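So this block is entry.cif, mmCIF, C-alpha atoms (C1' of nucleotides):
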data_my_file
loop_
_atom_site.label_atom_id
_atom_site.label_comp_id
_atom_site.auth_asym_id
_atom_site.auth_seq_id
_atom_site.Cartn_x
_atom_site.Cartn_y
_atom_site.Cartn_z
CA MET A 103 12.19 73.70 48.53
CA SER A 104 13.30 75.69 51.56
CA ASP A 105 14.90 79.12 51.46
CA ASP A 106 17.54 77.73 53.75
CA ALA A 107 18.81 75.32 51.10
CA VAL A 108 19.11 78.18 48.60
CA PHE A 109 21.12 80.42 50.89
CA ARG A 110 23.39 77.63 52.05
CA ALA A 111 23.98 76.55 48.47
CA LEU A 112 25.04 80.08 47.55
CA ALA A 113 27.43 80.31 50.51
CA ASP A 114 30.23 78.45 48.72
CA ALA A 115 32.47 80.19 46.17
CA SER A 116 32.87 77.08 44.00
CA ARG A 117 29.12 76.71 43.71
CA ARG A 118 28.74 80.37 42.78
CA GLN A 119 31.39 79.85 40.13
CA LEU A 120 29.40 76.92 38.78
CA LEU A 121 26.34 79.15 38.53
CA ASP A 122 28.45 81.78 36.79
CA ARG A 123 29.52 79.19 34.23
CA LEU A 124 25.97 78.05 33.62
CA HIS A 125 24.89 81.66 33.33
CA ALA A 126 27.55 82.08 30.64
CA ARG A 127 26.58 78.85 28.86
CA ASN A 128 23.58 76.86 29.97
CA GLY A 129 23.15 73.09 29.65
CA GLN A 130 26.70 71.90 30.35
CA THR A 131 27.62 68.37 31.43
CA LEU A 132 29.39 67.42 34.64
CA GLY A 133 32.57 66.77 32.69
CA GLU A 134 32.50 70.20 31.09
CA LEU A 135 31.82 71.88 34.42
CA CYS A 136 34.82 70.11 35.95
CA ASP A 137 37.39 71.74 33.63
CA GLY A 138 39.40 74.44 35.30
CA PHE A 139 38.39 73.46 38.82
CA ASP A 140 41.26 72.42 41.07
CA MET A 141 39.09 69.77 42.64
CA SER A 142 38.08 66.17 42.01
CA ARG A 143 35.12 65.34 39.75
CA GLN A 144 33.36 63.89 42.80
CA ALA A 145 33.68 67.16 44.67
CA VAL A 146 32.17 69.08 41.74
CA MET A 147 29.36 66.53 41.62
CA LYS A 148 28.60 67.13 45.28
CA HIS A 149 28.40 70.87 44.66
CA LEU A 150 26.05 70.35 41.72
CA ALA A 151 23.89 68.05 43.85
CA ILE A 152 23.60 70.78 46.48
CA LEU A 153 22.64 73.33 43.84
CA GLU A 154 20.08 70.91 42.43
CA ASP A 155 18.58 70.22 45.87
CA ALA A 156 18.24 73.97 46.34
CA ASN A 157 16.43 74.19 43.00
CA LEU A 158 19.08 76.55 41.70
CA VAL A 159 19.99 74.07 38.98
CA ALA A 160 17.77 71.72 36.99
CA THR A 161 19.15 68.68 35.17
CA LYS A 162 18.28 66.42 32.29
CA ARG A 163 19.84 63.04 31.50
CA GLN A 164 20.83 62.59 27.91
CA GLY A 165 22.29 59.17 27.28
CA ARG A 166 25.26 58.81 29.57
CA GLU A 167 25.54 62.56 30.05
CA LYS A 168 23.76 64.86 32.47
CA LEU A 169 23.00 68.39 31.39
CA HIS A 170 22.79 71.22 33.93
CA PHE A 171 20.61 74.33 33.68
CA ILE A 172 20.51 77.38 35.95
CA ASN A 173 17.18 78.42 37.49
CA PRO A 174 17.00 82.15 38.32
CA VAL A 175 13.69 82.09 40.21
CA PRO A 176 15.01 81.42 43.75
CA ILE A 177 17.77 83.97 43.28
CA ASN A 178 15.30 86.69 42.45
CA ALA A 179 13.27 85.81 45.53
CA ILE A 180 16.26 86.62 47.76
CA ALA A 181 16.40 90.20 46.62
CA GLU A 182 12.65 90.68 46.94
CA ARG A 183 12.82 89.66 50.59
CA TRP A 184 14.71 92.57 52.13
CA ILE A 185 14.32 95.28 49.58
CA GLY A 186 11.34 97.57 49.90
CA LYS A 187 9.31 98.10 46.71
CA PHE A 188 10.34 101.74 46.54
CA GLU A 189 14.07 101.26 47.01
CA ARG A 190 14.30 98.86 44.08
CA PRO A 191 14.53 101.34 41.20
CA ARG A 192 17.21 103.34 43.02
CA LEU A 193 19.27 100.23 43.81
CA ARG A 194 18.91 98.87 40.29
CA ALA A 195 20.06 102.19 38.83
CA LEU A 196 23.04 102.19 41.16
CA SER A 197 23.92 98.65 40.22
CA ASP A 198 23.57 99.28 36.49
CA LEU A 199 25.84 102.28 36.79
CA LYS A 200 28.41 100.23 38.66
CA ASP A 201 28.30 97.53 35.96
CA ALA A 202 28.68 100.09 33.23
CA LEU A 203 31.75 101.55 34.90
CA GLU A 204 33.47 98.34 35.97
CA GLY A 205 32.59 95.68 33.40
CA GLU A 206 31.97 92.20 34.83
CA ASN A 207 31.72 90.65 38.26
CA ASP A 208 34.46 88.84 40.20
CA ASP A 209 34.80 86.76 43.31
CA MET B 70 33.96 94.15 51.06
CA SER B 71 33.99 90.75 49.34
CA ASP B 72 30.97 89.03 47.84
CA ASP B 73 32.03 85.95 49.73
CA ALA B 74 31.40 87.58 53.09
CA VAL B 75 27.90 88.60 52.00
CA PHE B 76 26.90 85.13 50.82
CA ARG B 77 28.33 83.41 53.86
CA ALA B 78 26.63 85.89 56.16
CA LEU B 79 23.29 85.11 54.52
CA ALA B 80 23.80 81.35 54.83
CA ASP B 81 22.63 81.24 58.45
CA ALA B 82 18.93 81.26 59.35
CA SER B 83 19.46 83.25 62.57
CA ARG B 84 21.25 86.00 60.66
CA ARG B 85 18.49 86.13 58.06
CA GLN B 86 16.01 86.46 60.91
CA LEU B 87 18.02 89.37 62.28
CA LEU B 88 17.84 91.06 58.88
CA ASP B 89 14.10 90.41 58.79
CA ARG B 90 13.73 92.14 62.15
CA LEU B 91 15.77 95.12 61.05
CA HIS B 92 13.74 95.26 57.85
CA ALA B 93 10.61 95.40 60.00
CA ARG B 94 12.08 98.02 62.38
CA ASN B 95 15.42 99.57 61.66
CA GLY B 96 17.87 100.90 64.25
CA GLN B 97 17.42 98.34 67.03
CA THR B 98 19.91 97.73 69.83
CA LEU B 99 21.66 94.43 70.57
CA GLY B 100 19.42 93.92 73.58
CA GLU B 101 16.27 94.40 71.54
CA LEU B 102 17.51 92.05 68.83
CA CYS B 103 18.20 89.37 71.45
CA ASP B 104 14.56 89.05 72.56
CA GLY B 105 12.87 85.95 71.23
CA PHE B 106 16.10 84.25 70.22
CA ASP B 107 16.80 80.97 71.99
CA MET B 108 20.46 81.81 72.11
CA SER B 109 22.90 83.70 74.34
CA ARG B 110 23.48 87.42 73.88
CA GLN B 111 27.07 86.64 72.89
CA ALA B 112 25.90 84.37 70.09
CA VAL B 113 23.60 87.09 68.72
CA MET B 114 26.50 89.53 68.94
CA LYS B 115 28.66 87.23 66.84
CA HIS B 116 25.95 87.02 64.21
CA LEU B 117 25.60 90.79 64.11
CA ALA B 118 29.38 91.14 63.80
CA ILE B 119 29.34 88.81 60.79
CA LEU B 120 26.53 90.82 59.19
CA GLU B 121 28.45 94.02 59.89
CA ASP B 122 31.67 92.64 58.38
CA ALA B 123 29.68 91.73 55.27
CA ASN B 124 28.36 95.29 55.12
CA LEU B 125 24.80 94.01 55.40
CA VAL B 126 24.35 95.93 58.64
CA ALA B 127 25.69 99.32 59.66
CA THR B 128 25.93 100.41 63.29
CA LYS B 129 26.04 103.56 65.38
CA ARG B 130 27.01 103.84 69.03
CA GLN B 131 24.66 105.96 71.09
CA GLY B 132 25.80 106.25 74.69
CA ARG B 133 26.04 102.72 76.03
CA GLU B 134 23.78 101.36 73.28
CA LYS B 135 24.62 100.25 69.76
CA LEU B 136 22.02 100.75 67.05
CA HIS B 137 21.84 98.41 64.04
CA PHE B 138 20.69 99.35 60.52
CA ILE B 139 20.13 97.10 57.50
CA ASN B 140 21.94 97.91 54.24
CA PRO B 141 20.11 96.64 51.13
CA VAL B 142 22.82 97.40 48.56
CA PRO B 143 24.78 94.11 48.72
CA ILE B 144 21.55 92.11 48.68
CA ASN B 145 20.46 93.72 45.46
CA ALA B 146 23.82 92.97 43.88
CA ILE B 147 23.23 89.24 44.38
CA ALA B 148 20.16 89.21 42.20
CA GLU B 149 21.81 91.29 39.50
CA ARG B 150 24.59 88.73 39.20
CA TRP B 151 22.75 85.76 37.70
CA ILE B 152 19.62 87.30 36.30
CA GLY B 153 19.76 88.50 32.72
CA LYS B 154 18.47 92.03 32.12
CA PHE B 155 15.55 90.71 30.11
CA GLU B 156 14.38 88.06 32.54
CA ARG B 157 14.09 90.55 35.39
CA PRO B 158 10.64 92.00 34.63
CA ARG B 159 9.17 88.53 34.17
CA LEU B 160 10.67 87.28 37.45
CA ARG B 161 9.60 90.37 39.33
CA ALA B 162 6.04 90.01 38.05
CA LEU B 163 6.03 86.39 39.13
CA SER B 164 7.35 87.27 42.55
CA ASP B 165 4.86 90.12 43.03
CA LEU B 166 2.02 87.79 42.11
CA LYS B 167 3.24 85.21 44.60
CA ASP B 168 3.42 87.87 47.34
CA ALA B 169 -0.05 89.09 46.52
CA LEU B 170 -1.44 85.57 46.80
CA GLU B 171 0.48 84.38 49.84
CA GLY B 172 1.11 87.39 52.05
CA GLU B 173 4.51 87.48 53.77
CA ASN B 174 7.70 85.44 53.69
CA ASP B 175 8.69 82.57 55.99
CA ASP B 176 11.73 80.43 56.71
"C1'" DT C 41 30.95 106.55 93.79
"C1'" DT C 42 28.71 102.52 93.81
"C1'" DG C 43 25.57 99.52 91.51
"C1'" DA C 44 23.07 98.36 87.53
"C1'" DC C 45 22.79 98.17 82.76
"C1'" DA C 46 24.57 97.58 77.81
"C1'" DG C 47 27.87 95.78 75.30
"C1'" DG C 48 32.75 93.28 74.32
"C1'" DT C 49 36.40 89.50 74.52
"C1'" DA C 50 38.26 84.84 74.90
"C1'" DA C 51 38.72 79.92 75.31
"C1'" DC C 52 36.50 75.88 74.51
"C1'" DT C 53 33.20 72.14 72.22
"C1'" DA C 54 29.95 69.70 69.12
"C1'" DA C 55 28.38 69.53 64.69
"C1'" DA C 56 28.49 70.69 59.85
"C1'" DT C 57 31.12 71.17 55.63
"C1'" DA C 58 34.28 70.56 51.73
"C1'" DG C 59 37.33 67.83 50.22
"C1'" DT C 60 39.71 63.27 49.50
"C1'" DT C 61 40.28 58.17 47.75
"C1'" DA C 62 38.36 53.87 46.38
"C1'" DC C 63 35.00 51.45 44.19
"C1'" DA C 64 30.42 50.88 41.33
"C1'" DT C 65 27.10 51.54 37.59
"C1'" DA C 66 25.44 52.84 33.10
"C1'" DT C 67 26.06 53.96 28.08
"C1'" DT C 68 28.43 54.21 23.90
"C1'" DT C 69 31.57 52.53 20.27
"C1'" DA C 70 35.38 49.74 18.26
"C1'" DT D 133 31.34 41.72 23.75
"C1'" DA D 134 35.07 44.39 25.64
"C1'" DA D 135 37.12 48.73 26.42
"C1'" DA D 136 36.36 53.48 27.05
"C1'" DT D 137 33.65 57.15 28.64
"C1'" DA D 138 30.42 59.57 31.86
"C1'" DT D 139 28.33 59.64 36.01
"C1'" DG D 140 27.20 57.75 40.87
"C1'" DT D 141 28.07 56.07 45.83
"C1'" DA D 142 30.45 55.51 50.20
"C1'" DA D 143 33.66 55.93 53.91
"C1'" DC D 144 36.84 58.81 55.90
"C1'" DT D 145 39.38 63.42 57.38
"C1'" DA D 146 40.64 68.30 58.21
"C1'" DT D 147 38.68 72.57 58.84
"C1'" DT D 148 35.08 75.78 59.72
"C1'" DT D 149 31.19 77.23 62.22
"C1'" DA D 150 27.66 78.12 65.73
"C1'" DG D 151 27.09 77.84 70.05
"C1'" DT D 152 28.47 77.78 75.06
"C1'" DT D 153 30.46 79.72 79.69
"C1'" DA D 154 33.33 82.88 82.11
"C1'" DC D 155 35.03 87.16 82.61
"C1'" DC D 156 36.07 92.30 81.13
"C1'" DT D 157 34.92 97.31 79.84
"C1'" DG D 158 32.21 101.38 79.35
"C1'" DT D 159 28.09 104.44 80.62
"C1'" DC D 160 24.36 106.07 83.27
"C1'" DA D 161 21.78 107.40 87.44
"C1'" DA D 162 20.72 107.19 92.58
#
How would this structure read if it were set down as structure tokens?
Amino acid sequence: MSDDAVFRALADASRRQLLDRLHARNGQTLGELCDGFDMSRQAVMKHLAILEDANLVATKRQGREKLHFINPVPINAIAERWIGKFERPRLRALSDLKDALEGENDD
Amino acid sequence: MSDDAVFRALADASRRQLLDRLHARNGQTLGELCDGFDMSRQAVMKHLAILEDANLVATKRQGREKLHFINPVPINAIAERWIGKFERPRLRALSDLKDALEGENDD
DNA sequence: TTGACAGGTAACTAAATAGTTACATATTTA
DNA sequence: TAAATATGTAACTATTTAGTTACCTGTCAA
């Protein structure tokens, strides 16, 4: 599981949106994740495959359905990489404040 | 400053290496950052321009040199996006343990 | 004030990427 | 079992991206 796969997986807006959806409700099927995307089912499947290869999403077959689950571990590792131990509390505070003021995230 | 620019900037291994170098020693010039890269100066410049556009790097001209500084704020925001408030401490602990066992990061 | 040094711009190319359409496989249910 | 549903595979295409080479601009110091 290379870091490179994680970063490249996160580089696409559609894939980030998929993660957002799983963050909102975990364990969705391919079909469910397709709704609202202006893109073929096959394209969404490719994106999910890339996320799965990067270990950002784990899956479980259930009958003819495939459930998708977000995995936050690799995402956390990104932040740890370039942020010094002592800057963290300051940055987190700043980010929390921003969230409190603005509400939710957009892309 | 869009999120998209940040994620796409981080998608390239050479750019991540540049951030690693700035994290190790901040304020380096283009020339310094070129050493050790198997790539033309112009290519490195393009990468730095992409990082700068994404607000991951800030610069300051000093005479005929240009100094480059890493900016951790957008990186932190990534982690905040998909990690629930209550998973954070657990993930951080896990990451700190991993660091303690392994030493430093690689790509 | 000329030459050397540090950085900037532009046009081009090969490879990677995101998307498409067409067809295939498995699982449920009437 | 046959039709419907859910997911999987493969070949192809347009666009983006990372890199190149060639040439241009600004700053310093002998």
### Query
Once the PyMOL selection byres ((chain D) within 10 of (chain B)) has been applied to the shown file, what residues remain in the selection, as a PyMOL selection string?
chain D and resi 150-152+158-160
### Task
Apply the PyMOL selection byres ((chain A) within 6 of (chain B)) to the structure shown and report the selected residues as a list in words.
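With the shown file as input, the PyMOL selection byres ((chain A) within 6 of (chain B)) matches Phe109, Arg110, Ala113, Ile177, Asn178 and Ala181 of chain A.
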### Task
For chain C, report every residue with an atom at most 9 Å from chain A (counting only C-alpha atoms (C1' of nucleotides)), formatted as a PyMOL selection string.
chain C and resi 58-60+66-68
### Message
Here's the selection I'm unsure about, the PyMOL selection byres ((chain D and resi 147) around 12); applied to the file above, which residues does it give, as a list in words?
### Response
DA56, DT57, DA58 and DG59 of chain C; DT145, DA146, DT148 and DT149 of chain D
### Protein, DNA and RNA residues within 12 Å of (32.6, 82.0, 82.6), all atoms listed in the file, as JSON, numbers by chain
{"C": [49, 50, 51, 52], "D": [152, 153, 154, 155, 156]}
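Comparing D:DT133, D:DT157, D:DT139, D:DA162 by their smallest distance to DA70 in chain C, the closest is D:DT133 (using only C-alpha atoms (C1' of nucleotides)).
Taking CA of Arg123 in chain A as the reference point, C1' of DG140 in chain D is found at 22.6 Å.
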What's the 8 Å shell around Gly133 in chain A, counting only C-alpha atoms (C1' of nucleotides), without same-chain residues fewer than 4 positions away, as a short mmCIF file (atom, residue, chain, number, x, y, z; two decimals) with C-alpha atoms (C1' of nucleotides), keeping the file's coordinate frame?
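This is the output file selection-v1.cif:
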data_model
loop_
_atom_site.label_atom_id
_atom_site.label_comp_id
_atom_site.auth_asym_id
_atom_site.auth_seq_id
_atom_site.Cartn_x
_atom_site.Cartn_y
_atom_site.Cartn_z
CA ASP A 137 37.39 71.74 33.63
CA ARG A 143 35.12 65.34 39.75
"C1'" DA D 138 30.42 59.57 31.86
#
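Of note, CA of Glu101 in chain B and C1' of DG43 in chain C are spaced 22.6 Å apart.
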